[in-house]
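Content type mmCIF, C-alpha atoms (C1' of nucleotides), from the file work.cif:
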data_entry
loop_
_atom_site.label_atom_id
_atom_site.label_comp_id
_atom_site.auth_asym_id
_atom_site.auth_seq_id
_atom_site.Cartn_x
_atom_site.Cartn_y
_atom_site.Cartn_z
CA MET Z 1 126.66 58.63 137.91
CA SER Z 2 125.53 61.35 140.21
CA ALA Z 3 127.23 64.08 138.30
CA PRO Z 4 128.75 62.85 135.09
CA ARG Z 5 127.56 66.03 133.50
CA ARG Z 6 130.46 68.33 132.99
CA PRO Z 7 130.11 71.06 130.42
CA GLN Z 8 132.95 70.90 127.97
CA GLN Z 9 134.05 74.43 128.60
CA GLU Z 10 134.10 73.97 132.33
CA ARG Z 11 136.32 70.92 132.08
CA SER Z 12 138.55 72.77 129.71
CA THR Z 13 139.12 75.75 131.93
CA LEU Z 14 139.63 73.47 134.90
CA THR Z 15 142.33 71.52 133.11
CA ARG Z 16 143.86 74.72 131.93
CA SER Z 17 144.00 76.15 135.40
CA ARG Z 18 145.55 72.95 136.73
CA ILE Z 19 148.28 73.25 134.13
CA LEU Z 20 148.89 76.87 135.01
CA GLU Z 21 148.96 76.05 138.70
CA ALA Z 22 151.57 73.36 138.09
CA ALA Z 23 153.64 75.64 135.90
CA TYR Z 24 153.47 78.40 138.47
CA ALA Z 25 154.54 76.10 141.30
CA THR Z 26 157.42 74.70 139.27
CA LEU Z 27 158.52 78.20 138.39
CA VAL Z 28 158.59 79.24 142.03
CA GLU Z 29 160.27 76.09 143.29
CA ASP Z 30 162.68 75.17 140.51
CA GLY Z 31 163.12 78.34 138.49
CA HIS Z 32 162.54 79.25 134.88
CA GLY Z 33 165.13 76.97 133.37
CA ALA Z 34 163.78 73.88 135.07
CA THR Z 35 160.19 74.63 134.12
CA THR Z 36 160.02 72.21 131.22
CA VAL Z 37 156.97 70.99 129.42
CA GLY Z 38 157.50 67.48 130.74
CA ARG Z 39 157.70 68.49 134.38
CA VAL Z 40 154.65 70.70 134.20
CA GLN Z 41 152.70 67.99 132.42
CA GLU Z 42 153.70 65.46 135.04
CA ARG Z 43 152.93 67.74 137.96
CA ALA Z 44 149.56 68.74 136.57
CA GLY Z 45 148.64 65.10 136.13
CA VAL Z 46 147.68 65.42 132.50
CA ALA Z 47 148.94 63.73 129.39
CA ARG Z 48 151.47 65.34 127.16
CA GLY Z 49 149.01 65.86 124.35
CA THR Z 50 146.60 67.55 126.72
CA LEU Z 51 149.09 70.19 127.69
CA LEU Z 52 150.09 70.67 124.10
CA HIS Z 53 146.46 71.08 123.17
CA HIS Z 54 145.99 74.00 125.56
CA PHE Z 55 149.41 75.51 124.98
CA PRO Z 56 150.83 74.60 121.57
CA THR Z 57 154.33 75.62 122.55
CA ARG Z 58 156.45 76.30 125.56
CA SER Z 59 156.36 80.00 124.84
CA ALA Z 60 152.59 79.92 124.87
CA LEU Z 61 152.67 78.17 128.21
CA MET Z 62 154.99 80.78 129.65
CA ALA Z 63 152.80 83.54 128.28
CA GLY Z 64 149.87 81.94 130.07
CA VAL Z 65 151.84 81.76 133.29
CA VAL Z 66 152.69 85.42 132.94
CA GLU Z 67 149.06 86.43 133.02
CA ASP Z 68 148.41 84.05 135.86
CA VAL Z 69 151.22 85.45 137.96
CA ILE Z 70 150.17 89.02 137.29
CA GLU Z 71 146.68 88.23 138.46
CA ARG Z 72 147.99 86.59 141.60
CA ARG Z 73 150.01 89.68 142.42
CA LEU Z 74 147.10 91.99 141.73
CA ASP Z 75 144.82 89.89 143.91
CA LEU Z 76 147.33 90.03 146.71
CA LEU Z 77 147.59 93.78 146.51
CA ALA Z 78 143.86 94.25 146.19
CA ALA Z 79 143.20 92.07 149.21
CA ALA Z 80 145.66 94.07 151.28
CA GLY Z 81 144.18 97.36 150.13
CA THR Z 82 140.68 96.64 151.40
CA ASN Z 83 141.27 98.12 154.82
CA ASP Z 84 140.34 101.64 153.84
CA ALA Z 85 141.36 103.00 157.20
CA THR Z 86 143.54 106.00 156.54
CA ALA Z 87 146.85 104.22 156.62
CA GLY Z 88 150.15 105.97 157.01
CA TRP Z 89 153.47 105.39 155.36
CA ASP Z 90 154.34 102.68 157.85
CA GLU Z 91 151.53 100.50 156.62
CA VAL Z 92 152.36 101.21 153.00
CA VAL Z 93 155.96 100.18 153.49
CA ASP Z 94 154.90 97.03 155.29
CA LEU Z 95 152.44 96.22 152.54
CA VAL Z 96 154.93 96.56 149.73
CA TRP Z 97 157.55 94.68 151.72
CA ALA Z 98 155.18 91.81 152.39
CA GLU Z 99 154.25 91.54 148.73
CA LEU Z 100 157.89 91.24 147.80
CA GLN Z 101 158.31 88.19 150.04
CA SER Z 102 155.42 86.36 148.43
CA PRO Z 103 155.85 83.48 145.97
CA PRO Z 104 154.13 85.39 143.16
CA PHE Z 105 156.89 87.95 143.24
CA ALA Z 106 159.51 85.23 143.09
CA ALA Z 107 157.77 83.88 140.00
CA ALA Z 108 157.59 87.34 138.49
CA LEU Z 109 161.29 87.85 139.09
CA GLU Z 110 162.12 84.62 137.29
CA LEU Z 111 160.06 85.68 134.31
CA TRP Z 112 161.44 89.20 134.46
CA VAL Z 113 165.06 88.16 134.22
CA ALA Z 114 164.41 85.44 131.68
CA ALA Z 115 162.59 87.96 129.50
CA ARG Z 116 165.78 89.94 129.13
CA THR Z 117 167.09 87.34 126.70
CA ASP Z 118 163.81 85.79 125.52
CA ALA Z 119 161.98 87.80 122.88
CA ASP Z 120 158.70 85.89 123.10
CA LEU Z 121 158.53 86.19 126.84
CA ARG Z 122 159.42 89.85 126.70
CA GLU Z 123 156.60 90.50 124.29
CA ALA Z 124 154.15 88.69 126.54
CA LEU Z 125 155.31 90.55 129.61
CA ARG Z 126 155.43 94.06 128.23
CA PRO Z 127 151.73 95.01 128.20
CA LEU Z 128 151.18 93.54 131.65
CA GLN Z 129 154.06 95.44 133.14
CA ASP Z 130 152.30 98.73 132.59
CA ARG Z 131 149.11 97.31 133.99
CA ILE Z 132 150.60 96.24 137.28
CA PHE Z 133 152.59 99.45 137.47
CA VAL Z 134 149.47 101.56 137.29
CA THR Z 135 147.52 99.36 139.67
CA VAL Z 136 150.21 99.36 142.32
CA HIS Z 137 150.66 103.09 142.12
CA ARG Z 138 146.97 103.77 142.31
CA GLY Z 139 146.48 101.38 145.20
CA VAL Z 140 149.40 102.60 147.23
CA THR Z 141 148.72 106.23 146.53
CA GLY Z 142 145.13 105.72 147.56
CA LEU Z 143 146.23 104.26 150.86
CA VAL Z 144 148.57 107.03 151.80
CA GLY Z 145 146.32 109.81 150.65
CA ALA Z 146 147.42 112.22 147.96
CA ASP Z 147 148.55 114.96 150.28
CA GLY Z 148 151.29 116.53 148.24
CA ASP Z 149 152.84 116.59 144.82
CA ARG Z 150 155.74 114.46 145.89
CA VAL Z 151 153.63 111.46 146.84
CA PRO Z 152 153.90 109.64 143.49
CA MET Z 153 157.65 109.94 143.55
CA LEU Z 154 157.83 108.79 147.14
CA VAL Z 155 155.74 105.79 146.24
CA GLN Z 156 158.14 105.06 143.43
CA PHE Z 157 161.06 105.40 145.82
CA THR Z 158 159.45 102.97 148.22
CA ILE Z 159 158.74 100.35 145.59
CA ASP Z 160 162.17 100.56 143.98
CA LEU Z 161 164.09 100.67 147.23
CA LEU Z 162 162.32 97.73 148.79
CA THR Z 163 162.68 95.76 145.58
CA GLY Z 164 166.41 96.29 145.66
CA THR Z 165 166.61 95.43 149.33
CA HIS Z 166 164.70 92.24 148.75
CA LEU Z 167 166.87 91.28 145.80
CA ALA Z 168 170.03 91.62 147.86
CA GLY Z 169 168.61 89.23 150.43
CA ILE Z 170 167.59 86.44 148.09
CA LEU Z 171 170.67 84.28 148.61
CA HIS Z 172 171.02 84.35 152.33
CA PRO Z 173 168.34 86.36 154.12
CA ARG Z 174 170.38 89.36 155.11
CA PRO Z 175 169.85 90.23 158.76
CA GLY Z 176 170.14 93.94 158.06
CA ALA Z 177 167.21 93.96 155.68
CA ASP Z 178 164.61 94.70 158.33
CA ALA Z 179 166.72 97.54 159.66
CA VAL Z 180 166.73 99.10 156.19
CA VAL Z 181 162.96 98.81 156.00
CA GLU Z 182 162.50 100.43 159.38
CA ALA Z 183 164.94 103.22 158.56
CA TRP Z 184 163.11 103.89 155.32
CA LYS Z 185 159.83 104.28 157.16
CA ALA Z 186 161.38 107.16 159.08
CA ALA Z 187 163.06 108.61 156.02
CA VAL Z 188 159.96 108.65 153.86
CA VAL Z 189 157.97 110.40 156.55
CA GLU Z 190 160.71 112.97 156.76
CA LEU Z 191 160.63 113.51 153.04
CA ALA Z 192 156.86 113.72 152.96
CA GLY Z 193 156.78 116.21 155.78
CA ASP Z 194 158.87 118.79 153.99
CA ALA Z 195 156.38 119.20 151.20
CA MET O 1 209.17 79.35 114.90
CA SER O 2 209.96 82.75 116.26
CA ALA O 3 208.24 82.11 119.53
CA PRO O 4 207.20 78.53 119.89
CA ARG O 5 208.26 78.76 123.49
CA ARG O 6 205.23 79.04 125.61
CA PRO O 7 205.48 78.05 129.20
CA GLN O 8 202.90 75.45 129.96
CA GLN O 9 201.34 77.40 132.76
CA GLU O 10 201.00 80.51 130.66
CA ARG O 11 199.18 78.70 127.91
CA SER O 12 196.93 77.10 130.46
CA THR O 13 195.85 80.32 132.09
CA LEU O 14 195.34 81.90 128.68
CA THR O 15 193.04 79.11 127.59
CA ARG O 16 191.22 79.30 130.87
CA SER O 17 190.65 83.02 130.54
CA ARG O 18 189.39 82.57 126.99
CA ILE O 19 186.85 80.07 128.23
CA LEU O 20 185.74 82.39 131.00
CA GLU O 21 185.48 85.29 128.58
CA ALA O 22 183.26 83.22 126.29
CA ALA O 23 181.11 82.04 129.18
CA TYR O 24 180.73 85.58 130.45
CA ALA O 25 179.74 86.92 127.05
CA THR O 26 177.22 84.15 126.54
CA LEU O 27 175.78 84.80 129.96
CA VAL O 28 175.28 88.48 129.20
CA GLU O 29 173.90 87.99 125.71
CA ASP O 30 171.85 84.82 125.99
CA GLY O 31 171.16 84.39 129.70
CA HIS O 32 171.89 81.68 132.21
CA GLY O 33 169.72 78.99 130.69
CA ALA O 34 171.33 79.29 127.27
CA THR O 35 174.85 79.23 128.64
CA THR O 36 175.55 75.59 127.83
CA VAL O 37 178.87 73.83 127.78
CA GLY O 38 178.66 73.36 124.03
CA ARG O 39 178.04 77.01 123.25
CA VAL O 40 180.80 78.21 125.48
CA GLN O 41 183.21 75.68 124.05
CA GLU O 42 182.30 76.74 120.54
CA ARG O 43 182.56 80.43 121.29
CA ALA O 44 185.90 80.06 123.04
CA GLY O 45 187.26 78.16 120.07
CA VAL O 46 188.48 75.20 122.09
CA ALA O 47 187.67 71.55 121.90
CA ARG O 48 185.18 69.96 124.20
CA GLY O 49 187.78 68.03 126.10
CA THR O 50 189.75 71.18 126.70
CA LEU O 51 186.90 72.92 128.41
CA LEU O 52 186.09 69.85 130.42
CA HIS O 53 189.70 69.63 131.49
CA HIS O 54 189.66 73.09 132.99
CA PHE O 55 186.13 72.86 134.36
CA PRO O 56 185.11 69.26 135.04
CA THR O 57 181.44 70.13 135.22
CA ARG O 58 179.03 72.85 134.28
CA SER O 59 178.71 73.88 137.89
CA ALA O 60 182.46 74.34 138.09
CA LEU O 61 182.34 76.50 135.00
CA MET O 62 179.61 78.64 136.50
CA ALA O 63 181.53 78.96 139.74
CA GLY O 64 184.48 80.19 137.72
CA VAL O 65 182.31 82.71 135.93
CA VAL O 66 181.03 83.94 139.27
CA GLU O 67 184.50 84.90 140.41
CA ASP O 68 185.23 86.42 137.04
CA VAL O 69 182.10 88.56 137.11
CA ILE O 70 182.75 89.69 140.66
CA GLU O 71 186.23 90.81 139.69
CA ARG O 72 184.88 92.70 136.71
CA ARG O 73 182.45 94.57 138.91
CA LEU O 74 185.09 95.34 141.50
CA ASP O 75 187.45 96.61 138.81
CA LEU O 76 184.72 98.82 137.44
CA LEU O 77 184.01 100.31 140.84
CA ALA O 78 187.66 100.70 141.68
CA ALA O 79 188.34 102.47 138.40
CA ALA O 80 185.51 104.89 139.02
CA GLY O 81 186.61 105.55 142.58
CA THR O 82 190.06 106.76 141.63
CA ASN O 83 189.02 110.38 141.29
CA ASP O 84 189.58 111.19 144.93
CA ALA O 85 188.16 114.63 144.50
CA THR O 86 185.68 115.13 147.28
CA ALA O 87 182.63 114.04 145.38
CA GLY O 88 179.12 114.82 146.50
CA TRP O 89 176.02 112.70 146.51
CA ASP O 90 175.32 113.56 142.90
CA GLU O 91 178.47 111.83 141.76
CA VAL O 92 177.83 108.86 144.01
CA VAL O 93 174.38 108.36 142.61
CA ASP O 94 175.68 108.67 139.06
CA LEU O 95 178.43 106.17 139.80
CA VAL O 96 176.11 103.53 141.21
CA TRP O 97 173.61 104.12 138.45
CA ALA O 98 176.27 103.70 135.78
CA GLU O 99 177.50 100.47 137.31
CA LEU O 100 174.00 99.07 137.20
CA GLN O 101 173.81 99.63 133.45
CA SER O 102 177.01 97.72 132.79
CA PRO O 103 177.16 94.19 131.34
CA PRO O 104 178.83 92.78 134.46
CA PHE O 105 175.77 93.66 136.48
CA ALA O 106 173.53 91.97 133.94
CA ALA O 107 175.66 88.85 134.30
CA ALA O 108 175.53 89.10 138.08
CA LEU O 109 171.76 89.40 137.99
CA GLU O 110 171.49 86.26 135.89
CA LEU O 111 173.62 84.34 138.36
CA TRP O 112 171.81 85.87 141.30
CA VAL O 113 168.37 84.78 140.23
CA ALA O 114 169.54 81.40 139.04
CA ALA O 115 171.19 80.81 142.40
CA ARG O 116 167.82 80.97 144.08
CA THR O 117 167.01 77.51 142.79
CA ASP O 118 170.54 76.16 142.18
CA ALA O 119 172.32 74.95 145.31
CA ASP O 120 175.78 74.69 143.75
CA LEU O 121 175.62 78.16 142.33
CA ARG O 122 174.29 79.56 145.55
CA GLU O 123 177.17 78.06 147.45
CA ALA O 124 179.67 79.55 145.03
CA LEU O 125 178.05 82.95 145.18
CA ARG O 126 177.59 83.30 148.91
CA PRO O 127 181.13 84.15 150.03
CA LEU O 128 181.59 86.61 147.19
CA GLN O 129 178.39 88.42 147.97
CA ASP O 130 179.76 89.65 151.27
CA ARG O 131 182.98 90.65 149.61
CA ILE O 132 181.37 92.88 147.02
CA PHE O 133 178.98 94.26 149.62
CA VAL O 134 181.82 95.44 151.82
CA THR O 135 183.85 96.78 148.91
CA VAL O 136 180.99 98.79 147.49
CA HIS O 137 180.09 100.25 150.84
CA ARG O 138 183.65 101.18 151.64
CA GLY O 139 184.22 102.71 148.23
CA VAL O 140 181.02 104.69 148.14
CA THR O 141 181.29 105.82 151.71
CA GLY O 142 184.83 106.96 151.06
CA LEU O 143 183.64 109.05 148.15
CA VAL O 144 180.93 110.86 149.97
CA GLY O 145 182.95 111.39 153.10
CA ALA O 146 181.78 110.01 156.41
CA ASP O 147 180.10 113.13 157.66
CA GLY O 148 177.36 111.74 159.76
CA ASP O 149 176.05 108.58 161.34
CA ARG O 150 173.37 108.21 158.73
CA VAL O 151 175.75 107.91 155.81
CA PRO O 152 175.98 104.11 155.75
CA MET O 153 172.22 103.81 155.70
CA LEU O 154 171.91 106.45 153.00
CA VAL O 155 174.43 104.54 150.93
CA GLN O 156 172.35 101.43 151.42
CA PHE O 157 169.25 103.35 150.39
CA THR O 158 170.97 104.55 147.25
CA ILE O 159 172.19 101.13 146.21
CA ASP O 160 168.92 99.38 146.89
CA LEU O 161 166.76 102.06 145.32
CA LEU O 162 168.75 102.32 142.13
CA THR O 163 168.88 98.55 141.87
CA GLY O 164 165.12 98.39 142.03
CA THR O 165 164.74 101.22 139.53
CA HIS O 166 167.06 99.51 137.14
CA LEU O 167 165.28 96.19 137.49
CA ALA O 168 161.95 97.79 136.60
CA GLY O 169 163.47 99.15 133.40
CA ILE O 170 164.99 95.95 132.10
CA LEU O 171 162.16 95.06 129.78
CA HIS O 172 161.51 98.32 128.08
CA PRO O 173 163.79 101.13 129.18
CA ARG O 174 161.34 103.10 131.21
CA PRO O 175 161.48 106.79 130.32
CA GLY O 176 160.77 107.80 133.89
CA ALA O 177 163.85 106.07 135.24
CA ASP O 178 166.12 109.06 134.86
CA ALA O 179 163.58 111.26 136.58
CA VAL O 180 163.63 108.92 139.57
CA VAL O 181 167.42 109.08 139.69
CA GLU O 182 167.41 112.87 139.60
CA ALA O 183 164.72 113.10 142.24
CA TRP O 184 166.69 110.76 144.47
CA LYS O 185 169.74 112.99 144.23
CA ALA O 186 167.70 115.80 145.74
CA ALA O 187 166.10 113.55 148.32
CA VAL O 188 169.32 112.04 149.59
CA VAL O 189 170.87 115.47 150.03
CA GLU O 190 167.83 116.49 151.98
CA LEU O 191 168.10 113.44 154.21
CA ALA O 192 171.83 113.93 154.70
CA GLY O 193 171.37 117.56 155.62
CA ASP O 194 169.15 116.86 158.58
CA ALA O 195 171.83 114.94 160.42
"C1'" DA S 1 218.06 61.80 126.10
"C1'" DC S 2 214.24 59.84 128.65
"C1'" DC S 3 210.17 59.88 131.29
"C1'" DT S 4 206.61 62.04 133.88
"C1'" DT S 5 202.93 65.10 133.84
"C1'" DA S 6 199.70 68.41 132.40
"C1'" DT S 7 197.29 70.50 128.46
"C1'" DC S 8 194.63 69.93 124.41
"C1'" DA S 9 191.68 67.35 121.21
"C1'" DG S 10 187.75 64.54 119.33
"C1'" DT S 11 184.29 60.98 119.71
"C1'" DC S 12 180.67 58.63 121.95
"C1'" DC S 13 176.70 57.85 125.16
"C1'" DG S 14 172.43 58.07 128.05
"C1'" DA S 15 169.00 61.35 129.31
"C1'" DT S 16 165.94 64.78 128.24
"C1'" DC S 17 164.44 68.59 125.79
"C1'" DG S 18 160.41 70.71 122.71
"C1'" DG S 19 157.31 69.51 119.48
"C1'" DA S 20 154.52 66.47 115.86
"C1'" DC S 21 151.11 63.27 115.12
"C1'" DG S 22 147.06 59.94 115.10
"C1'" DG S 23 143.61 57.91 117.77
"C1'" DT S 24 139.86 58.03 121.42
"C1'" DT S 25 136.45 59.92 124.26
"C1'" DT S 26 133.00 63.35 125.43
"C1'" DC S 27 130.21 67.26 124.80
"C1'" DT S 28 127.16 70.15 121.66
"C1'" DC S 29 124.16 71.22 118.04
"C1'" DT S 30 120.63 70.19 114.66
"C1'" DA R 1 119.73 60.14 116.90
"C1'" DG R 2 123.50 61.30 114.30
"C1'" DA R 3 127.13 64.43 112.74
"C1'" DG R 4 130.69 67.39 113.96
"C1'" DA R 5 133.75 69.74 117.00
"C1'" DA R 6 136.48 69.97 120.89
"C1'" DA R 7 138.97 68.03 124.80
"C1'" DC R 8 141.99 64.49 125.95
"C1'" DC R 9 145.56 60.88 125.58
"C1'" DG R 10 149.98 58.43 124.52
"C1'" DT R 11 153.76 57.48 121.47
"C1'" DC R 12 157.40 58.80 118.54
"C1'" DC R 13 161.23 61.77 116.65
"C1'" DG R 14 165.23 64.87 115.81
"C1'" DA R 15 168.13 67.88 118.38
"C1'" DT R 16 170.82 68.86 122.12
"C1'" DC R 17 171.99 68.63 126.75
"C1'" DG R 18 175.99 67.36 130.33
"C1'" DG R 19 179.47 64.35 130.95
"C1'" DA R 20 182.83 60.10 130.20
"C1'" DC R 21 186.41 58.36 127.77
"C1'" DT R 22 190.73 57.53 125.01
"C1'" DG R 23 194.66 59.55 122.26
"C1'" DA R 24 197.89 62.95 120.81
"C1'" DT R 25 201.07 66.67 121.90
"C1'" DA R 26 204.27 69.37 124.31
"C1'" DA R 27 206.46 71.12 128.48
"C1'" DG R 28 209.54 70.26 132.62
"C1'" DG R 29 212.34 67.46 135.71
"C1'" DT R 30 216.18 63.94 135.96
#
Translate the structure of the given file into structure tokens.
Amino acid sequence: MSAPRRPQQERSTLTRSRILEAAYATLVEDGHGATTVGRVQERAGVARGTLLHHFPTRSALMAGVVEDVIERRLDLLAAAGTNDATAGWDEVVDLVWAELQSPPFAAALELWVAARTDADLREALRPLQDRIFVTVHRGVTGLVGADGDRVPMLVQFTIDLLTGTHLAGILHPRPGADAVVEAWKAAVVELAGDA
Amino acid sequence: MSAPRRPQQERSTLTRSRILEAAYATLVEDGHGATTVGRVQERAGVARGTLLHHFPTRSALMAGVVEDVIERRLDLLAAAGTNDATAGWDEVVDLVWAELQSPPFAAALELWVAARTDADLREALRPLQDRIFVTVHRGVTGLVGADGDRVPMLVQFTIDLLTGTHLAGILHPRPGADAVVEAWKAAVVELAGDA
DNA sequence: ACCTTATCAGTCCGATCGGACGGTTTCTCT
DNA sequence: AGAGAAACCGTCCGATCGGACTGATAAGGT
């Protein structure tokens, strides 16, 4: 009785976010294939019709998750980029490497690979890909300071290389992964120095 | 009547390879989730019982595909490594880049990501991961010539970086991908030169 | 020539998938 | 206060999933 007043819209967005949270968690824990409507509905604690009301189809649900995951990744990067202290390449490498270990990236990878053979998902993912690409580049470039024409390419190198390193270590966490990261820190400084 | 004589074992292995071929093709075209027993059986042109006789369960089928895919990738690399001509880094980068564009890698990526949340698949993939890792390193290192202590790490850089670049271009073939590859050719020579 | 054994074939079953639908509650607007 | 819209709920359905099962056929050993 104290607070029965809940604006309709507020309840709606709350339910919606609970569904997205459940879908995101299922995606990270069980993968794309196991992220069924039934499991998400059960995990979110809502009725089947409720989920279907917010997301008429499974594709719509996945599209919603896509935006959610993108925002989680952007938040993560933005939070890490707040320390404006003139950071060097070491910190940049560590930052990118840390982001790759996070659950949001695991979710993004699931969606990424699934999108290769899923037209709907691919269409939902496409516009957001560019968005995160630009944001990451701007953030990272801002951290390292644009001292040279080669910086954008070096940033690209760093992102791509660490992504590949991470991917190779998904199955069993390769012990040599950290050594690669450390070696790259030295290499990128070397490349940046010869500008 | 001309050749009704077919040794039992020969027919068996032929049927088995047809099933694997169908499973592989489905994996590349439709992805891991859509690679169902029914579709593979249909595509291979065998009866349901036949497939189930060779592979008692879906996991067993996937495990078989894993070995098949690994062999395809190894064959591809071995075939490319036959030109013993002392190749430089340019050729190495081109070789790795080409292998990443091939269907077998697409299949491997599907299995890779799926294995993250599939214990059976992960178990089947683990021993073969080391095998392909060693083979690729040995082959690539042999091509470039072991002139320096840093070569193994540079090979690792090349593989990881190109893998990441390729992954980023899965959705829409990024136009900048080739530029990254070309820039890396120059960068890796620069790194190798300062040994 | 017989019998064992392995390959191939087709049907059936329980579970679960995505999605459709009608009914009920709760907010909002006039 | 009353009408209308929107959020929510639960049940049902056709399709399809992985897998079990029983026969039919043909090869290989004796």
Within 10 Å of chain Z, which residues of chain O are there when counting all atoms listed in the file? Please give them as JSON, numbers by chain.
{"O": [27, 28, 29, 30, 31, 32, 33, 34, 106, 109, 110, 112, 113, 114, 115, 116, 117, 118, 122, 123, 125, 126, 129, 133, 150, 153, 154, 156, 157, 158, 159, 160, 161, 162, 163, 164, 165, 166, 167, 168, 170, 171, 172, 179, 180, 181, 183, 184, 187, 188, 190, 191, 194]}
What residues come out when you apply the PyMOL selection byres ((chain R and resi 6-9) around 10) to this file, written as an NGL selection string?
(:Z and (8-9 or 11-12 or 15 or 46-51 or 53-54)) or (:S and (23-28)) or (:R and (4-5 or 10-11))
Residues picked by the PyMOL selection byres ((chain O and resi 36) around 9) here, as a PDB file with C-alpha atoms (C1' of nucleotides), in the coordinates of the input?
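Dumped everything to out-v3.pdb:
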ATOM      1  CA  ALA O  23     181.110  82.040 129.180  1.00  0.00           C
ATOM      2  CA  THR O  26     177.220  84.150 126.540  1.00  0.00           C
ATOM      3  CA  HIS O  32     171.890  81.680 132.210  1.00  0.00           C
ATOM      4  CA  GLY O  33     169.720  78.990 130.690  1.00  0.00           C
ATOM      5  CA  ALA O  34     171.330  79.290 127.270  1.00  0.00           C
ATOM      6  CA  THR O  35     174.850  79.230 128.640  1.00  0.00           C
ATOM      7  CA  VAL O  37     178.870  73.830 127.780  1.00  0.00           C
ATOM      8  CA  GLY O  38     178.660  73.360 124.030  1.00  0.00           C
ATOM      9  CA  ARG O  39     178.040  77.010 123.250  1.00  0.00           C
ATOM     10  CA  VAL O  40     180.800  78.210 125.480  1.00  0.00           C
ATOM     11  CA  GLN O  41     183.210  75.680 124.050  1.00  0.00           C
ATOM     12  CA  ARG O  58     179.030  72.850 134.280  1.00  0.00           C
TER      13      ARG O  58
ATOM     14  C1'  DC R  17     171.990  68.630 126.750  1.00  0.00           C
ATOM     15  C1'  DG R  18     175.990  67.360 130.330  1.00  0.00           C
TER      16       DG R  18
END
For chain Z, which residue out of S:DC29, S:DG10, S:DG22, S:DC17 is the nearest one, using only C-alpha atoms (C1' of nucleotides)?
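Residue with the minimum atom-to-atom distance to chain Z: S:DC17.
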Excluding Ala87 (chain O) and any residue of its chain fewer than 4 positions from it, enumerate the residues within 8 Å of it, using all atoms listed in the file, and give them as a list in words.
Glu91, Val92, Leu143 and Val144 of chain O
Reconstruct N, CA and C atoms of region 13-25 of chain O from the incomplete input and present them as a short mmCIF file (atom, residue, chain, number, x, y, z; two decimals), keeping the file's coordinate frame.
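Output below, filename part_14.cif:
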data_model
loop_
_atom_site.label_atom_id
_atom_site.label_comp_id
_atom_site.auth_asym_id
_atom_site.auth_seq_id
_atom_site.Cartn_x
_atom_site.Cartn_y
_atom_site.Cartn_z
N THR O 13 196.66 79.22 131.57
CA THR O 13 195.85 80.32 132.09
C THR O 13 195.22 81.12 130.96
N LEU O 14 195.89 81.18 129.82
CA LEU O 14 195.34 81.90 128.68
C LEU O 14 194.09 81.18 128.16
N THR O 15 194.20 79.88 128.03
CA THR O 15 193.04 79.11 127.59
C THR O 15 191.89 79.25 128.58
N ARG O 16 192.25 79.18 129.82
CA ARG O 16 191.22 79.30 130.87
C ARG O 16 190.51 80.64 130.79
N SER O 17 191.27 81.70 130.58
CA SER O 17 190.65 83.02 130.54
C SER O 17 189.79 83.18 129.28
N ARG O 18 190.21 82.51 128.20
CA ARG O 18 189.39 82.57 126.99
C ARG O 18 188.05 81.88 127.22
N ILE O 19 188.09 80.78 127.92
CA ILE O 19 186.85 80.07 128.23
C ILE O 19 185.95 80.94 129.11
N LEU O 20 186.53 81.55 130.10
CA LEU O 20 185.74 82.39 131.00
C LEU O 20 185.15 83.59 130.26
N GLU O 21 185.95 84.16 129.38
CA GLU O 21 185.48 85.29 128.58
C GLU O 21 184.26 84.88 127.75
N ALA O 22 184.36 83.72 127.12
CA ALA O 22 183.26 83.22 126.29
C ALA O 22 182.02 82.95 127.15
N ALA O 23 182.24 82.36 128.30
CA ALA O 23 181.11 82.04 129.18
C ALA O 23 180.45 83.33 129.66
N TYR O 24 181.25 84.30 129.99
CA TYR O 24 180.73 85.58 130.45
C TYR O 24 179.89 86.25 129.36
N ALA O 25 180.44 86.28 128.16
CA ALA O 25 179.74 86.92 127.05
C ALA O 25 178.42 86.22 126.76
#
